[in-house]
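*Asks:* What follows is the file run-v4.pdb, containing PDB, C-alpha atoms and all ligand atoms:
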MODEL        1
ATOM      1  CA  MET A1105     -23.186 140.147 143.130
ATOM      2  CA  THR A1106     -22.234 138.436 139.887
ATOM      3  CA  SER A1107     -19.743 135.572 139.830
ATOM      4  CA  ASN A1108     -17.440 137.813 137.810
ATOM      5  CA  GLU A1109     -17.383 140.353 140.605
ATOM      6  CA  ILE A1110     -16.888 137.606 143.190
ATOM      7  CA  SER A1111     -13.860 136.224 141.382
ATOM      8  CA  LYS A1112     -12.484 139.729 140.999
ATOM      9  CA  TYR A1113     -12.753 140.304 144.748
ATOM     10  CA  LYS A1114     -11.366 136.868 145.466
ATOM     11  CA  LYS A1115      -8.230 137.791 143.546
ATOM     12  CA  ILE A1116      -7.921 141.117 145.357
ATOM     13  CA  LEU A1117      -8.364 139.411 148.725
ATOM     14  CA  GLU A1118      -5.876 136.658 147.936
ATOM     15  CA  ASN A1119      -3.279 139.217 146.887
ATOM     16  CA  LYS A1120      -3.931 141.204 150.046
ATOM     17  CA  GLN A1121      -3.639 138.037 152.100
ATOM     18  CA  ASP A1122      -0.252 137.214 150.573
ATOM     19  CA  GLU A1123       0.970 140.727 151.160
ATOM     20  CA  LEU A1124      -0.161 140.796 154.783
ATOM     21  CA  GLU A1125       1.152 137.324 155.524
ATOM     22  CA  ARG A1126       4.572 138.456 154.412
ATOM     23  CA  ILE A1127       4.418 141.458 156.738
ATOM     24  CA  VAL A1128       3.001 139.606 159.718
ATOM     25  CA  CYS A1129       5.416 136.696 159.324
ATOM     26  CA  ASN A1130       8.251 139.190 159.430
ATOM     27  CA  ARG A1131       7.875 139.642 163.162
ATOM     28  CA  ASP A1132      11.601 139.133 163.586
ATOM     29  CA  ALA A1133      12.067 142.565 162.093
ATOM     30  CA  ILE A1134      11.152 143.883 165.519
ATOM     31  CA  THR A1135      14.500 143.419 167.146
ATOM     32  CA  ILE A1136      15.504 144.728 170.485
ATOM     33  CA  GLU A1137      18.465 146.939 169.940
ATOM     34  CA  LYS A1138      20.681 147.451 172.892
ATOM     35  CA  SER A1139      22.167 150.840 173.322
ATOM     36  CA  ALA A1140      24.295 152.410 176.020
ATOM     37  CA  ASP A1141      22.761 155.770 175.339
ATOM     38  CA  ALA A1142      19.631 156.374 177.388
ATOM     39  CA  LEU A1143      18.137 158.718 174.823
ATOM     40  CA  ASP A1144      18.710 156.098 172.140
ATOM     41  CA  GLU A1145      16.936 153.576 174.349
ATOM     42  CA  VAL A1146      13.862 155.790 174.488
ATOM     43  CA  GLN A1147      13.991 156.279 170.744
ATOM     44  CA  HIS A1148      14.240 152.532 170.113
ATOM     45  CA  ALA A1149      11.431 151.805 172.546
ATOM     46  CA  ALA A1150       9.185 154.233 170.695
ATOM     47  CA  GLU A1151      10.074 152.681 167.347
ATOM     48  CA  ARG A1152       9.395 149.216 168.700
ATOM     49  CA  GLU A1153       6.093 150.347 170.127
ATOM     50  CA  LEU A1154       5.092 151.739 166.735
ATOM     51  CA  ALA A1155       6.182 148.572 164.941
ATOM     52  CA  ILE A1156       4.138 146.448 167.333
ATOM     53  CA  ARG A1157       1.097 148.665 166.900
ATOM     54  CA  ASN A1158       1.402 148.437 163.113
ATOM     55  CA  LEU A1159       1.745 144.676 163.363
ATOM     56  CA  ASP A1160      -1.406 144.575 165.466
ATOM     57  CA  ARG A1161      -3.292 146.451 162.806
ATOM     58  CA  GLU A1162      -1.882 144.241 160.082
ATOM     59  CA  SER A1163      -2.839 141.082 161.996
ATOM     60  CA  ASN A1164      -6.389 142.349 162.378
ATOM     61  CA  LEU A1165      -6.559 143.210 158.721
ATOM     62  CA  LEU A1166      -5.223 139.785 157.781
ATOM     63  CA  ARG A1167      -7.911 138.187 159.924
ATOM     64  CA  ASN A1168     -10.606 140.245 158.167
ATOM     65  CA  VAL A1169      -9.179 139.317 154.754
ATOM     66  CA  ARG A1170      -9.212 135.614 155.684
ATOM     67  CA  LEU A1171     -12.780 135.886 156.961
ATOM     68  CA  ALA A1172     -13.822 137.602 153.734
ATOM     69  CA  LEU A1173     -12.254 134.797 151.685
ATOM     70  CA  GLY A1174     -14.187 132.351 153.860
ATOM     71  CA  ARG A1175     -17.390 134.239 153.079
ATOM     72  CA  ILE A1176     -16.613 134.016 149.379
ATOM     73  CA  GLU A1177     -16.352 130.244 149.820
ATOM     74  CA  ASP A1178     -19.641 129.934 151.679
ATOM     75  CA  GLY A1179     -21.467 132.438 149.463
ATOM     76  CA  SER A1180     -22.107 135.112 152.090
ATOM     77  CA  PHE A1181     -19.576 137.602 150.753
ATOM     78  CA  GLY A1182     -20.843 141.185 150.661
ATOM     79  CA  VAL A1183     -23.319 140.605 153.487
ATOM     80  CA  CYS A1184     -22.893 142.368 156.828
ATOM     81  CA  LEU A1185     -21.947 139.984 159.653
ATOM     82  CA  HIS A1186     -24.038 141.949 162.097
ATOM     83  CA  CYS A1187     -27.325 142.994 160.476
ATOM     84  CA  GLU A1188     -27.100 140.569 157.521
ATOM     85  CA  GLU A1189     -27.972 143.347 155.098
ATOM     86  CA  GLU A1190     -25.994 143.683 151.894
ATOM     87  CA  ILE A1191     -22.945 145.878 152.232
ATOM     88  CA  SER A1192     -23.110 148.694 149.674
ATOM     89  CA  PRO A1193     -21.172 147.908 146.457
ATOM     90  CA  LYS A1194     -19.206 151.128 146.919
ATOM     91  CA  ARG A1195     -18.004 150.009 150.329
ATOM     92  CA  VAL A1196     -17.160 146.505 149.112
ATOM     93  CA  ALA A1197     -15.176 148.034 146.265
ATOM     94  CA  ALA A1198     -13.268 150.288 148.665
ATOM     95  CA  VAL A1199     -12.816 147.740 151.469
ATOM     96  CA  PRO A1200     -13.441 144.217 150.116
ATOM     97  CA  TRP A1201     -12.576 142.666 153.511
ATOM     98  CA  ALA A1202     -15.065 144.800 155.445
ATOM     99  CA  PRO A1203     -17.036 142.474 157.732
ATOM    100  CA  PHE A1204     -19.759 145.009 158.468
ATOM    101  CA  CYS A1205     -21.891 147.489 156.564
ATOM    102  CA  ILE A1206     -21.098 151.137 157.162
ATOM    103  CA  GLN A1207     -23.759 151.591 159.879
ATOM    104  CA  CYS A1208     -22.640 148.539 161.844
ATOM    105  CA  GLN A1209     -18.981 149.472 161.419
ATOM    106  CA  GLU A1210     -19.668 152.894 162.906
ATOM    107  CA  GLN A1211     -21.470 151.245 165.784
ATOM    108  CA  ALA A1212     -18.593 148.800 166.226
ATOM    109  CA  ASP A1213     -16.040 151.621 166.273
ATOM    110  CA  LYS A1214     -18.120 153.443 168.838
ATOM    111  CA  ASN A1215     -18.470 150.314 170.961
ATOM    112  CA  GLN A1216     -14.743 149.742 170.795
ATOM    113  CA  GLU A1217     -14.130 153.221 172.160
ATOM    114  CA  ASP A1218     -16.487 152.364 174.992
ATOM    115  CA  GLY A1219     -14.565 149.146 175.599
ATOM    116  CA  ASN A1220     -17.451 146.989 174.435
ATOM    117  CA  GLU A1221     -16.047 143.780 172.981
ATOM    118  CA  MET A1222     -19.279 142.445 171.517
ATOM    119  CA  PHE A1223     -18.255 142.982 167.913
ATOM    120  CA  GLU A1224     -14.836 141.576 168.608
ATOM    121  CA  ASP A1225     -16.457 138.420 169.990
ATOM    122  CA  MET A1226     -18.652 138.164 166.941
ATOM    123  CA  LEU A1227     -15.617 138.208 164.660
ATOM    124  CA  VAL A1228     -13.895 135.562 166.742
ATOM    125  CA  ASN A1229     -16.971 133.357 166.606
ATOM    126  CA  ALA A1230     -17.246 133.852 162.862
ATOM    127  CA  ALA A1231     -13.627 132.775 162.355
TER     128      ALA A1231
HETATM  129 ZN    ZN B   1     -24.764 145.866 159.181
ENDMDL
END
Please go through the file and, once you have read it, give me the structure as structure tokens.
Ligand SMILES: [Zn+2]
*Replies:*
Amino acid sequence: MTSNEISKYKKILENKQDELERIVCNRDAITIEKSADALDEVQHAAERELAIRNLDRESNLLRNVRLALGRIEDGSFGVCLHCEEEISPKRVAAVPWAPFCIQCQEQADKNQEDGNEMFEDMLVNAA
């Protein structure tokens, strides 16, 4: 990857980081609304649940973006964390914060469905 491309991705990642930090820091937006109406309660609970799930996803994404910025710093950006092969330029362009190449990501997704936390541990250790 050329240094031009690296600095382009760095900018994208920094912008994404800012954006996500704003969302994740806005946790207070998830307020617990009290309602006398039982049906309303259910509705609010569902909305809260959804908001928390979104926040979870955003937090994970933010972590991946931060890790990717770290890899730009240490020169390993664009390399899969798992198999250490280069991630395809198309994938990097589409998902600059992707920690894994497409094959390893598929494996990771599959492992996650099976409740295997190995990839999760790897990300934590890489942080
Ligand atoms: Zn890989």
*Asks:* Give me, as a count of residues only, all polymer residues having an atom no more than 7 Å from Gly1182 (chain A), counting all atoms listed in the file and skipping those fewer than 3 positions away in the same chain.
*Replies:* 3
*Asks:* Find the residues around Leu1173 (chain A) up to 9 Å (all atoms listed in the file counted), leave out those fewer than 2 positions away in its own chain, and share them as a ChimeraX atom specification.
*Replies:* /A:1113-1114,1117-1118,1168-1171,1175-1178,1181,1201
*Asks:* Identify, counting all atoms listed in the file, the protein, DNA and RNA residues located within 9 Å of ligand ZN 1 (chain B), and give them as a list of chain:residue names.
*Replies:*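 These are the residues that qualify: A:Val1183, A:Cys1184, A:Leu1185, A:His1186, A:Cys1187, A:Glu1188, A:Glu1189, A:Glu1190, A:Ile1191, A:Pro1203, A:Phe1204, A:Cys1205, A:Ile1206, A:Gln1207, A:Cys1208, A:Gln1209.
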*Asks:* Expand the PyMOL selection byres (((chain A and resi 1121) around 9) and not hetatm) into the explicit residue set it covers here, and present it as a ChimeraX atom specification.
*Replies:* /A:1116-1120,1122-1126,1165-1167,1169-1170
*Asks:* Between CA of Arg1195 (chain A) and CA of Asn1108 (chain A), measure the distance and give it in Å to one decimal.
*Replies:*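 CA of Arg1195 (chain A) sits 17.5 Å away from CA of Asn1108 (chain A).
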*Asks:* Can you tell me how far CA of Ile1127 (chain A) sits from CA of Glu1153 (chain A), in Å to one decimal?
*Replies:*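 That distance, rounded to one decimal, is 16.2 Å.
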*Asks:* Box in all listed atoms of region 1167-1180 of chain A, axis-aligned, with 3 Å more on each side; write out centre and edge lengths in Å to one decimal as AutoDock Vina command-line options.
*Replies:*
--center_x -15.0 --center_y 135.1 --center_z 154.7 --size_x 20.2 --size_y 16.3 --size_z 16.5
